[in-house]
$ cat input09.txt   # compact mmCIF, C-alpha atoms
# COMPACT_ATOMS: atom_id res chain seq x y z
CA MET A 1 -20.81 -11.05 35.64
CA PRO A 2 -23.61 -8.77 36.80
CA VAL A 3 -22.46 -5.16 36.91
CA ALA A 4 -22.31 -3.64 40.42
CA TYR A 5 -24.53 -0.63 39.78
CA ILE A 6 -24.74 0.66 43.36
CA PRO A 7 -20.99 1.41 43.63
CA ARG A 8 -20.96 2.74 40.07
CA THR A 9 -23.85 5.09 40.80
CA LYS A 10 -22.01 6.36 43.88
CA GLU A 11 -18.95 7.03 41.72
CA LEU A 12 -20.89 8.59 38.82
CA TYR A 13 -22.72 10.97 41.13
CA SER A 14 -19.84 11.54 43.54
CA ASP A 15 -20.32 15.31 43.27
CA PHE A 16 -23.80 14.99 44.76
CA LYS A 17 -25.14 14.14 48.20
CA PRO A 18 -24.94 10.34 48.61
CA TYR A 19 -28.04 8.61 47.36
CA GLN A 20 -30.05 6.83 50.05
CA TRP A 21 -30.56 3.39 48.55
CA VAL A 22 -33.78 1.67 49.35
CA VAL A 23 -32.96 -1.35 51.49
CA ASN A 24 -36.05 -3.36 52.28
CA GLU A 25 -35.89 -6.04 54.94
CA THR A 26 -39.09 -7.77 53.98
CA VAL A 27 -40.67 -8.78 50.69
CA PRO A 28 -44.34 -8.14 49.95
CA TRP A 29 -46.07 -11.17 48.50
CA THR A 30 -49.37 -11.67 46.76
CA PRO A 31 -49.96 -15.15 45.34
CA LEU A 32 -50.98 -15.28 41.69
CA LYS A 33 -54.69 -16.14 41.60
CA LYS A 34 -54.92 -17.58 38.11
CA PRO A 35 -52.60 -18.83 35.40
CA ILE A 36 -50.96 -16.09 33.32
CA ALA A 37 -53.00 -17.25 30.32
CA LYS A 38 -56.12 -16.12 32.21
CA SER A 39 -54.62 -13.07 33.94
CA LYS A 40 -55.01 -9.40 33.19
CA ILE A 41 -51.53 -7.90 33.24
CA ALA A 42 -50.55 -4.23 33.43
CA LEU A 43 -47.25 -2.91 32.09
CA MET A 44 -45.19 -0.07 33.51
CA SER A 45 -41.74 1.17 32.55
CA SER A 46 -39.53 3.73 34.26
CA GLY A 47 -37.90 4.48 30.90
CA GLY A 48 -39.52 7.91 30.48
CA ILE A 49 -42.00 7.11 27.69
CA MET A 50 -44.50 9.75 26.56
CA TYR A 51 -47.41 9.20 24.18
CA ARG A 52 -47.82 11.75 21.36
CA ASP A 53 -47.87 15.26 22.85
CA GLN A 54 -48.08 14.30 26.53
CA PRO A 55 -45.94 16.63 28.68
CA ARG A 56 -42.24 15.94 28.68
CA PHE A 57 -40.66 14.56 31.85
CA HIS A 58 -38.15 16.65 33.77
CA ARG A 59 -35.67 16.03 36.57
CA GLU A 60 -37.29 15.08 39.90
CA ASP A 61 -40.56 14.45 38.08
CA ALA A 62 -42.72 11.97 40.00
CA SER A 63 -45.61 12.13 37.54
CA TYR A 64 -46.59 9.33 35.19
CA ARG A 65 -48.06 8.95 31.72
CA ARG A 66 -50.93 6.73 30.62
CA VAL A 67 -50.10 5.12 27.29
CA PRO A 68 -52.94 3.52 25.31
CA LYS A 69 -52.23 -0.17 24.83
CA ASP A 70 -52.75 0.12 21.07
CA ALA A 71 -50.26 3.01 20.72
CA ALA A 72 -48.18 2.93 17.56
CA ARG A 73 -44.41 2.96 17.89
CA GLU A 74 -44.10 6.34 16.14
CA ASP A 75 -46.39 7.87 18.78
CA LEU A 76 -44.01 6.98 21.61
CA ASN A 77 -41.30 9.42 22.67
CA ILE A 78 -38.65 9.16 25.36
CA TRP A 79 -37.12 11.58 27.82
CA HIS A 80 -34.68 10.29 30.44
CA PHE A 81 -31.30 11.63 31.54
CA GLY A 82 -30.02 8.54 33.31
CA TYR A 83 -29.52 5.84 30.68
CA LEU A 84 -28.47 5.65 27.05
CA THR A 85 -31.80 6.09 25.29
CA ALA A 86 -30.60 5.71 21.68
CA ASP A 87 -31.71 2.08 21.28
CA ALA A 88 -35.02 2.64 23.08
CA GLU A 89 -35.69 5.61 20.80
CA LYS A 90 -35.16 3.29 17.82
CA ASP A 91 -37.38 0.64 19.37
CA PRO A 92 -39.21 1.44 22.63
CA ASN A 93 -39.72 -2.31 23.17
CA CYS A 94 -36.18 -2.37 24.63
CA VAL A 95 -37.59 -0.83 27.83
CA PHE A 96 -41.33 -0.58 27.23
CA PRO A 97 -42.40 -3.88 25.65
CA LEU A 98 -45.86 -2.78 24.56
CA GLU A 99 -45.74 -4.46 21.15
CA SER A 100 -44.24 -7.61 22.66
CA MET A 101 -47.01 -7.76 25.28
CA ARG A 102 -49.68 -7.18 22.63
CA ALA A 103 -48.22 -10.09 20.67
CA LEU A 104 -48.37 -12.35 23.76
CA GLU A 105 -51.98 -11.28 24.30
CA ALA A 106 -52.85 -12.11 20.67
CA GLU A 107 -51.19 -15.53 21.05
CA GLY A 108 -53.07 -16.24 24.25
CA VAL A 109 -49.90 -16.48 26.36
CA ILE A 110 -51.38 -13.85 28.67
CA GLY A 111 -55.09 -13.40 29.29
CA GLU A 112 -55.28 -9.66 28.69
CA LEU A 113 -52.97 -6.66 28.51
CA SER A 114 -54.48 -3.96 30.70
CA ASP A 115 -55.26 -0.61 29.07
CA PRO A 116 -53.55 1.81 29.47
CA ALA A 117 -49.91 0.94 30.10
CA PHE A 118 -47.92 3.29 32.35
CA SER A 119 -44.62 5.06 32.23
CA PHE A 120 -42.63 7.39 34.43
CA MET A 121 -39.09 8.74 34.42
CA GLY A 122 -37.12 6.75 36.95
CA GLY A 123 -34.39 9.32 37.52
CA VAL A 124 -35.99 10.73 40.66
CA TYR A 125 -33.63 11.34 43.57
CA SER A 126 -36.29 11.04 46.25
CA ALA A 127 -37.38 7.45 46.85
CA ARG A 128 -39.90 8.92 49.29
CA ARG A 129 -41.66 10.82 46.46
CA ILE A 130 -41.90 7.64 44.40
CA ARG A 131 -43.30 5.73 47.38
CA ASP A 132 -45.67 8.41 48.71
CA GLU A 133 -46.68 10.36 45.57
CA LEU A 134 -46.37 8.11 42.54
CA ALA A 135 -46.98 4.60 43.88
CA PRO A 136 -50.41 5.25 45.50
CA LYS A 137 -51.74 6.69 42.23
CA ILE A 138 -50.54 3.66 40.28
CA VAL A 139 -52.03 1.32 42.88
CA ASP A 140 -55.39 3.10 42.42
CA GLU A 141 -55.13 2.69 38.66
CA LEU A 142 -54.40 -1.03 39.01
CA LYS A 143 -57.25 -1.59 41.45
CA ARG A 144 -59.72 0.24 39.22
CA ALA A 145 -58.60 -1.88 36.27
CA HIS A 146 -58.82 -5.12 38.32
CA VAL A 147 -55.43 -6.35 37.17
CA ASP A 148 -54.12 -9.71 38.32
CA ALA A 149 -50.41 -9.06 37.80
CA PHE A 150 -48.18 -6.04 37.32
CA PHE A 151 -45.09 -6.20 35.09
CA LEU A 152 -42.51 -3.52 35.86
CA VAL A 153 -39.61 -2.73 33.59
CA PRO A 154 -37.07 -0.39 35.19
CA ALA A 155 -34.79 1.25 32.67
CA MET B 1 -37.55 -7.21 34.99
CA THR B 2 -34.05 -6.07 35.91
CA SER B 3 -30.53 -5.62 34.61
CA ALA B 4 -29.26 -4.18 37.90
CA LEU B 5 -29.01 -7.22 40.15
CA ASP B 6 -27.59 -5.46 43.21
CA ILE B 7 -30.32 -2.82 43.20
CA THR B 8 -33.08 -5.40 42.85
CA GLN B 9 -31.58 -7.49 45.67
CA SER B 10 -31.60 -4.38 47.86
CA VAL B 11 -35.17 -3.39 46.97
CA LYS B 12 -36.51 -6.94 47.28
CA ALA B 13 -39.17 -7.04 44.60
CA PRO B 14 -41.68 -9.87 45.14
CA ARG B 15 -40.62 -11.58 41.91
CA ALA B 16 -37.83 -10.58 39.54
CA VAL B 17 -36.19 -11.72 36.34
CA PHE B 18 -32.60 -10.69 35.64
CA VAL B 19 -31.08 -10.15 32.19
CA ASN B 20 -27.40 -9.26 32.07
CA PHE B 21 -27.68 -6.56 29.40
CA PRO B 22 -26.52 -2.93 29.44
CA LEU B 23 -29.06 -0.59 31.07
CA GLY B 24 -31.77 0.45 28.63
CA HIS B 25 -32.26 -3.03 27.16
CA GLN B 26 -34.05 -4.91 29.93
CA THR B 27 -36.55 -6.37 27.49
CA GLY B 28 -34.20 -6.90 24.58
CA LYS B 29 -32.21 -5.44 21.71
CA PRO B 30 -33.84 -2.99 19.29
CA ASN B 31 -35.90 -4.61 16.54
CA ASP B 32 -34.96 -8.12 17.60
CA ARG B 33 -38.48 -9.49 17.84
CA GLY B 34 -37.36 -13.05 18.56
CA LEU B 35 -35.17 -12.04 21.49
CA GLN B 36 -37.78 -9.62 22.88
CA ARG B 37 -40.44 -12.32 22.71
CA SER B 38 -38.22 -14.89 24.33
CA ILE B 39 -37.33 -12.59 27.26
CA LEU B 40 -41.00 -11.72 27.76
CA LEU B 41 -42.04 -15.36 27.69
CA ASP B 42 -39.46 -16.09 30.39
CA ALA B 43 -40.69 -13.13 32.43
CA MET B 44 -44.35 -14.18 32.15
CA ARG B 45 -43.47 -17.76 33.07
CA ALA B 46 -41.69 -16.45 36.18
CA PHE B 47 -45.00 -15.08 37.49
CA GLU B 48 -46.12 -18.70 37.77
CA THR B 49 -42.88 -20.44 38.76
CA ILE B 50 -41.52 -18.14 41.47
CA ASN B 51 -42.85 -19.37 44.81
CA THR B 52 -40.36 -17.75 47.16
CA PRO B 53 -40.85 -14.04 47.89
CA GLY B 54 -37.85 -12.10 46.62
CA GLU B 55 -36.58 -14.79 44.27
CA ILE B 56 -34.68 -13.49 41.25
CA VAL B 57 -34.62 -15.75 38.19
CA LYS B 58 -31.39 -15.26 36.24
CA LEU B 59 -31.92 -15.66 32.51
CA PRO B 60 -29.10 -17.04 30.35
CA TYR B 61 -29.07 -14.37 27.61
CA ILE B 62 -25.67 -12.98 26.62
CA TRP B 63 -25.38 -9.50 25.14
CA ASP B 64 -22.31 -10.30 23.01
CA ALA B 65 -20.47 -13.58 23.42
CA ASN B 66 -17.30 -12.13 21.89
CA ASP B 67 -17.21 -8.81 23.65
CA ARG B 68 -18.00 -8.25 27.30
CA SER B 69 -16.37 -4.82 27.43
CA TRP B 70 -19.73 -3.13 28.04
CA GLU B 71 -19.63 -4.54 31.58
CA GLU B 72 -16.55 -2.41 32.25
CA ILE B 73 -18.02 0.89 31.08
CA ASP B 74 -21.79 0.74 31.66
CA TYR B 75 -22.79 3.50 34.09
CA THR B 76 -19.27 4.79 34.69
CA LYS B 77 -18.06 8.39 34.39
CA GLY B 78 -18.17 9.58 30.78
CA TRP B 79 -20.63 6.88 29.78
CA LEU B 80 -23.59 9.23 29.43
CA PRO B 81 -23.33 11.72 26.57
CA GLU B 82 -23.47 15.44 27.30
CA ARG B 83 -27.04 16.64 27.72
CA PRO B 84 -28.27 18.88 24.90
CA SER B 85 -28.38 22.58 25.77
CA ARG B 86 -31.60 23.95 27.16
CA ASP B 87 -32.33 25.73 23.87
CA ALA B 88 -31.74 22.57 21.85
CA ALA B 89 -33.96 20.58 24.23
CA ASP B 90 -36.73 23.19 24.02
CA ALA B 91 -36.50 23.21 20.21
CA SER B 92 -36.80 19.42 19.98
CA GLU B 93 -39.71 19.53 22.43
CA ALA B 94 -41.52 22.18 20.35
CA GLU B 95 -40.95 20.00 17.30
CA ARG B 96 -42.46 16.97 19.05
CA VAL B 97 -45.56 18.86 20.18
CA ALA B 98 -46.02 20.41 16.70
CA LYS B 99 -45.77 16.97 15.10
CA TYR B 100 -48.92 15.84 16.91
CA ALA B 101 -50.81 19.13 16.74
CA LYS B 102 -52.16 18.45 13.25
$ encode --input "input09.txt" --output "C-alpha cells"
Amino acid sequence: MPVAYIPRTKELYSDFKPYQWVVNETVPWTPLKKPIAKSKIALMSSGGIMYRDQPRFHREDASYRRVPKDAAREDLNIWHFGYLTADAEKDPNCVFPLESMRALEAEGVIGELSDPAFSFMGGVYSARRIRDELAPKIVDELKRAHVDAFFLVPA
Amino acid sequence: MTSALDITQSVKAPRAVFVNFPLGHQTGKPNDRGLQRSILLDAMRAFETINTPGEIVKLPYIWDANDRSWEEIDYTKGWLPERPSRDAADASEAERVAKYAK
C-alpha cells in the first residue's frame, strides 16, 4: 500500500506552522517530440547532491548545484535533513541515477544525457521560492541546453 | 519518479512513475545495478507511453516481500535520526572541502 505521506508530514512537523501543500488543478503538458532513443534528457534530483567542494546546502536553501555528467561517485556528497540519506551516501544512484543514466546513454536507450545534471535540496518550506526562484533558473538551463525531456527524481 | 503517491497526485506532474519504496530510494536500492537499471528503463519508457496528462504509472517493484513494516514507520516521528551538532556538521564540512582542495 502506498504510504500516505501528506498526513505523516503533518504529524511529523506538528510543532510547526501547517505546510501549505501544492494542489494544482491543471496539468501542464508538452508532447514528446521524438522517441527517447533520439532525445536529449536532463536529470535533476532534490536529494541534496553536491559535486566535490560545491557549497553545502542548508535549510530553506533554494539554490541548485550543477553536477558534471561524468562525475565519479566518490565526488558526489549529500546534505539533506528530510530523508534517511545513509543508502544514498553509499550509492547516490538511489536518488540521483547519474551512473544509471550514463549506462542507458551508452546502450542507446536514450539519445543523450544532458550535461550537467542538476541537484537541489528539496527540504524547502516555501513552495513559492521553489516556483519563483529555483524553477525559472532551471528552465533557462534546460532551454539553453535544448533538452527534449526532463527527468526529475524527488528524494 | 516518485515514492510519495499522494504528494504527486496533489502536484499533478505531467508524467510520473511510482515505486513503492521507502523515501530515499526512488531509483533503487544501493549498489543493485540490475534493479536501478530496470526502474530507469521503466521510467524512460513512460515518457513515450503516457498519453494522458497527470497519469501516474505504478511499477510492480516490492521493497521486501517478507517484511512490509517499513510502510508503518517511514516518515513518522522518531524515524529521522538526531541531526549532528553544529560543531560536528562544521567539522565534517571542513573535512569534505579539504578532501578536494588538493
$ closest_atom_pairs --input "input09.txt" --of "chain B" --to "chain A" --cutoff "7 Å" --atoms "only C-alpha atoms" --output "CSV"
residue,atom,partner,partner_atom,distance
B:Met1,CA,A:Val153,CA,5.1
B:Thr2,CA,A:Pro154,CA,6.5
B:Ala4,CA,A:Tyr5,CA,6.2
B:Leu5,CA,A:Pro2,CA,6.5
B:Asp6,CA,A:Ala4,CA,6.2
B:Ile7,CA,A:Ile6,CA,6.6
B:Ser10,CA,A:Val23,CA,4.9
B:Val11,CA,A:Asn24,CA,5.4
B:Lys12,CA,A:Val27,CA,5.7
B:Ala13,CA,A:Val27,CA,6.5
B:Pro14,CA,A:Trp29,CA,5.7
B:Asn20,CA,A:Pro2,CA,6.1
B:Leu23,CA,A:Ala155,CA,6.2
B:Gly24,CA,A:Ala155,CA,5.1
B:His25,CA,A:Cys94,CA,4.7
B:Gln26,CA,A:Val95,CA,5.8
B:Thr27,CA,A:Cys94,CA,4.9
B:Gly28,CA,A:Cys94,CA,4.9
B:Lys29,CA,A:Cys94,CA,5.8
B:Pro30,CA,A:Asp91,CA,5.1
B:Asn31,CA,A:Asp91,CA,6.1
B:Gln36,CA,A:Ser100,CA,6.8
B:Arg37,CA,A:Ser100,CA,6.1
B:Met44,CA,A:Ile36,CA,7.0
B:Glu48,CA,A:Pro35,CA,6.9
B:Pro53,CA,A:Val27,CA,6.0
B:Gly54,CA,A:Val27,CA,6.0
B:Glu71,CA,A:Val3,CA,6.1
B:Tyr75,CA,A:Arg8,CA,6.3
B:Thr76,CA,A:Leu12,CA,5.8
B:Lys77,CA,A:Leu12,CA,5.3
B:Leu80,CA,A:Leu84,CA,6.5
B:Arg96,CA,A:Asp53,CA,6.8
B:Val97,CA,A:Asp53,CA,5.0
B:Tyr100,CA,A:Asp53,CA,6.1
$ atom_distance --input "input09.txt" --atom1 "atom CA of Ile78 of chain A" --atom2 "atom CA of Phe57 of chain A"
8.7 Å
$ residues_around --input "input09.txt" --residues "segment 135-139 of chain A" --least-positions-apart "2" --cutoff "12 Å" --atoms "all atoms listed in the file" --output "PyMOL selection string"
chain A and resi 42-45+62-66+116-120+127-133+141-147+149-150+152
$ residues_around --input "input09.txt" --residues "Lys58 of chain B" --least-positions-apart "3" --cutoff "8 Å" --atoms "all atoms listed in the file" --output "NGL selection string"
:B and (17-19)
$ write_last_selection --input "input09.txt" --atoms "C-alpha atoms" --output "PDB file, in the coordinates of the input"
ATOM      1  CA  VAL B  17     -36.190 -11.720  36.340  1.00  0.00           C
ATOM      2  CA  PHE B  18     -32.600 -10.690  35.640  1.00  0.00           C
ATOM      3  CA  VAL B  19     -31.080 -10.150  32.190  1.00  0.00           C
TER       4      VAL B  19
END
$ atom_distance --input "input09.txt" --atom1 "atom CA of Asp70 of chain A" --atom2 "atom CA of Lys40 of chain A"
15.6 Å
$ atom_distance --input "input09.txt" --atom1 "atom CA of Glu95 of chain B" --atom2 "atom CA of Asp61 of chain A"
21.5 Å
$ closest_residue --input "input09.txt" --among "B:Ala101, B:Ala88, B:Ile73, B:Ile62" --to "Ile39 of chain B" --atoms "all atoms listed in the file"
B:Ile62
$ decode --input "input09.txt" --residues "segment 11-142 of chain A" --atoms "C-alpha atoms" --output "short mmCIF file (atom, residue, chain, number, x, y, z; two decimals), in the first residue's frame"
data_model
loop_
_atom_site.label_atom_id
_atom_site.label_comp_id
_atom_site.auth_asym_id
_atom_site.auth_seq_id
_atom_site.Cartn_x
_atom_site.Cartn_y
_atom_site.Cartn_z
CA GLU A 11 2.16 14.69 12.11
CA LEU A 12 5.98 14.76 11.92
CA TYR A 13 6.04 18.54 11.75
CA SER A 14 3.08 19.14 14.06
CA ASP A 15 5.12 21.63 16.09
CA PHE A 16 5.43 23.88 13.04
CA LYS A 17 3.01 26.05 11.09
CA PRO A 18 0.97 23.75 8.82
CA TYR A 19 2.63 23.22 5.48
CA GLN A 20 0.71 24.62 2.52
CA TRP A 21 0.64 21.68 0.13
CA VAL A 22 0.76 22.47 -3.52
CA VAL A 23 -2.57 21.47 -5.02
CA ASN A 24 -2.63 22.02 -8.75
CA GLU A 25 -5.92 21.85 -10.61
CA THR A 26 -4.44 21.55 -14.04
CA VAL A 27 -1.59 19.54 -15.54
CA PRO A 28 0.95 21.12 -17.87
CA TRP A 29 1.58 19.02 -20.95
CA THR A 30 4.24 19.07 -23.62
CA PRO A 31 4.13 16.19 -26.10
CA LEU A 32 7.37 14.30 -26.57
CA LYS A 33 8.79 15.32 -29.96
CA LYS A 34 10.99 12.32 -30.65
CA PRO A 35 11.50 8.82 -29.35
CA ILE A 36 13.53 8.58 -26.14
CA ALA A 37 16.30 6.87 -28.10
CA LYS A 38 16.75 10.15 -30.01
CA SER A 39 16.02 12.54 -27.13
CA LYS A 40 18.36 14.63 -25.04
CA ILE A 41 17.36 14.10 -21.42
CA ALA A 42 18.33 16.18 -18.38
CA LEU A 43 18.42 14.74 -14.86
CA MET A 44 17.58 16.56 -11.65
CA SER A 45 17.28 15.26 -8.11
CA SER A 46 16.02 17.00 -4.99
CA GLY A 47 18.20 14.69 -2.89
CA GLY A 48 20.75 17.37 -1.94
CA ILE A 49 23.72 16.22 -4.04
CA MET A 50 26.88 18.34 -4.18
CA TYR A 51 29.83 17.79 -6.51
CA ARG A 52 33.30 17.88 -4.91
CA ASP A 53 33.67 21.11 -2.91
CA GLN A 54 30.50 22.86 -4.08
CA PRO A 55 28.84 24.76 -1.21
CA ARG A 56 26.83 22.68 1.21
CA PHE A 57 23.05 23.05 1.21
CA HIS A 58 21.30 24.48 4.25
CA ARG A 59 17.72 24.72 5.45
CA GLU A 60 15.47 26.88 3.25
CA ASP A 61 18.11 26.79 0.53
CA ALA A 62 16.55 27.32 -2.90
CA SER A 63 19.88 27.17 -4.76
CA TYR A 64 20.95 24.33 -7.01
CA ARG A 65 24.16 22.58 -7.99
CA ARG A 66 25.39 21.73 -11.48
CA VAL A 67 26.91 18.25 -11.49
CA PRO A 68 29.07 17.24 -14.46
CA LYS A 69 27.54 14.23 -16.18
CA ASP A 70 30.82 12.32 -15.99
CA ALA A 71 31.18 12.88 -12.21
CA ALA A 72 32.65 9.96 -10.31
CA ARG A 73 30.67 8.52 -7.43
CA GLU A 74 33.33 9.49 -4.87
CA ASP A 75 32.99 13.13 -5.96
CA LEU A 76 29.31 13.25 -5.00
CA ASN A 77 28.28 14.30 -1.50
CA ILE A 78 24.86 14.63 0.08
CA TRP A 79 23.28 17.05 2.51
CA HIS A 80 19.56 16.76 3.29
CA PHE A 81 17.73 16.82 6.61
CA GLY A 82 14.44 15.34 5.46
CA TYR A 83 15.09 11.74 4.44
CA LEU A 84 17.36 8.91 5.54
CA THR A 85 20.45 9.57 3.44
CA ALA A 86 22.53 6.56 4.52
CA ASP A 87 21.81 4.45 1.43
CA ALA A 88 22.17 7.38 -0.96
CA GLU A 89 25.52 8.19 0.64
CA LYS A 90 26.60 4.61 -0.08
CA ASP A 91 25.28 4.83 -3.62
CA PRO A 92 23.93 8.17 -4.90
CA ASN A 93 22.14 6.30 -7.70
CA CYS A 94 19.35 5.60 -5.17
CA VAL A 95 18.17 9.20 -5.65
CA PHE A 96 20.47 10.64 -8.31
CA PRO A 97 20.78 7.99 -11.03
CA LEU A 98 23.69 9.56 -12.89
CA GLU A 99 25.57 6.30 -13.47
CA SER A 100 22.35 4.53 -14.46
CA MET A 101 21.53 7.28 -16.97
CA ARG A 102 25.06 7.18 -18.38
CA ALA A 103 24.67 3.44 -18.86
CA LEU A 104 21.37 3.95 -20.73
CA GLU A 105 23.07 6.57 -22.91
CA ALA A 106 25.93 4.17 -23.69
CA GLU A 107 23.41 1.45 -24.60
CA GLY A 108 21.49 3.80 -26.85
CA VAL A 109 18.28 3.55 -24.80
CA ILE A 110 18.30 7.35 -24.54
CA GLY A 111 19.72 9.66 -27.18
CA GLU A 112 21.87 11.80 -24.92
CA LEU A 113 22.23 12.61 -21.23
CA SER A 114 22.38 16.40 -20.94
CA ASP A 115 25.44 17.91 -19.26
CA PRO A 116 25.38 18.97 -16.47
CA ALA A 117 22.84 17.19 -14.28
CA PHE A 118 21.18 19.23 -11.52
CA SER A 119 20.51 18.86 -7.84
CA PHE A 120 18.88 20.85 -5.10
CA MET A 121 17.84 20.16 -1.52
CA GLY A 122 14.11 19.57 -1.53
CA GLY A 123 13.51 20.39 2.12
CA VAL A 124 12.41 23.96 1.43
CA TYR A 125 9.32 25.11 3.31
CA SER A 126 8.33 27.75 0.77
CA ALA A 127 6.83 26.27 -2.39
CA ARG A 128 6.73 29.84 -3.67
CA ARG A 129 10.55 30.10 -3.52
CA ILE A 130 10.90 26.86 -5.47
CA ARG A 131 8.41 28.09 -8.09
CA ASP A 132 9.62 31.70 -8.37
CA GLU A 133 13.36 31.47 -7.58
CA LEU A 134 14.61 27.99 -8.42
CA ALA A 135 12.35 26.81 -11.24
CA PRO A 136 12.95 29.74 -13.66
CA LYS A 137 16.72 29.25 -13.41
CA ILE A 138 16.38 25.54 -14.17
CA VAL A 139 14.04 26.29 -17.08
CA ASP A 140 16.71 28.64 -18.50
CA GLU A 141 19.34 25.93 -18.15
CA LEU A 142 17.14 23.40 -19.95
#
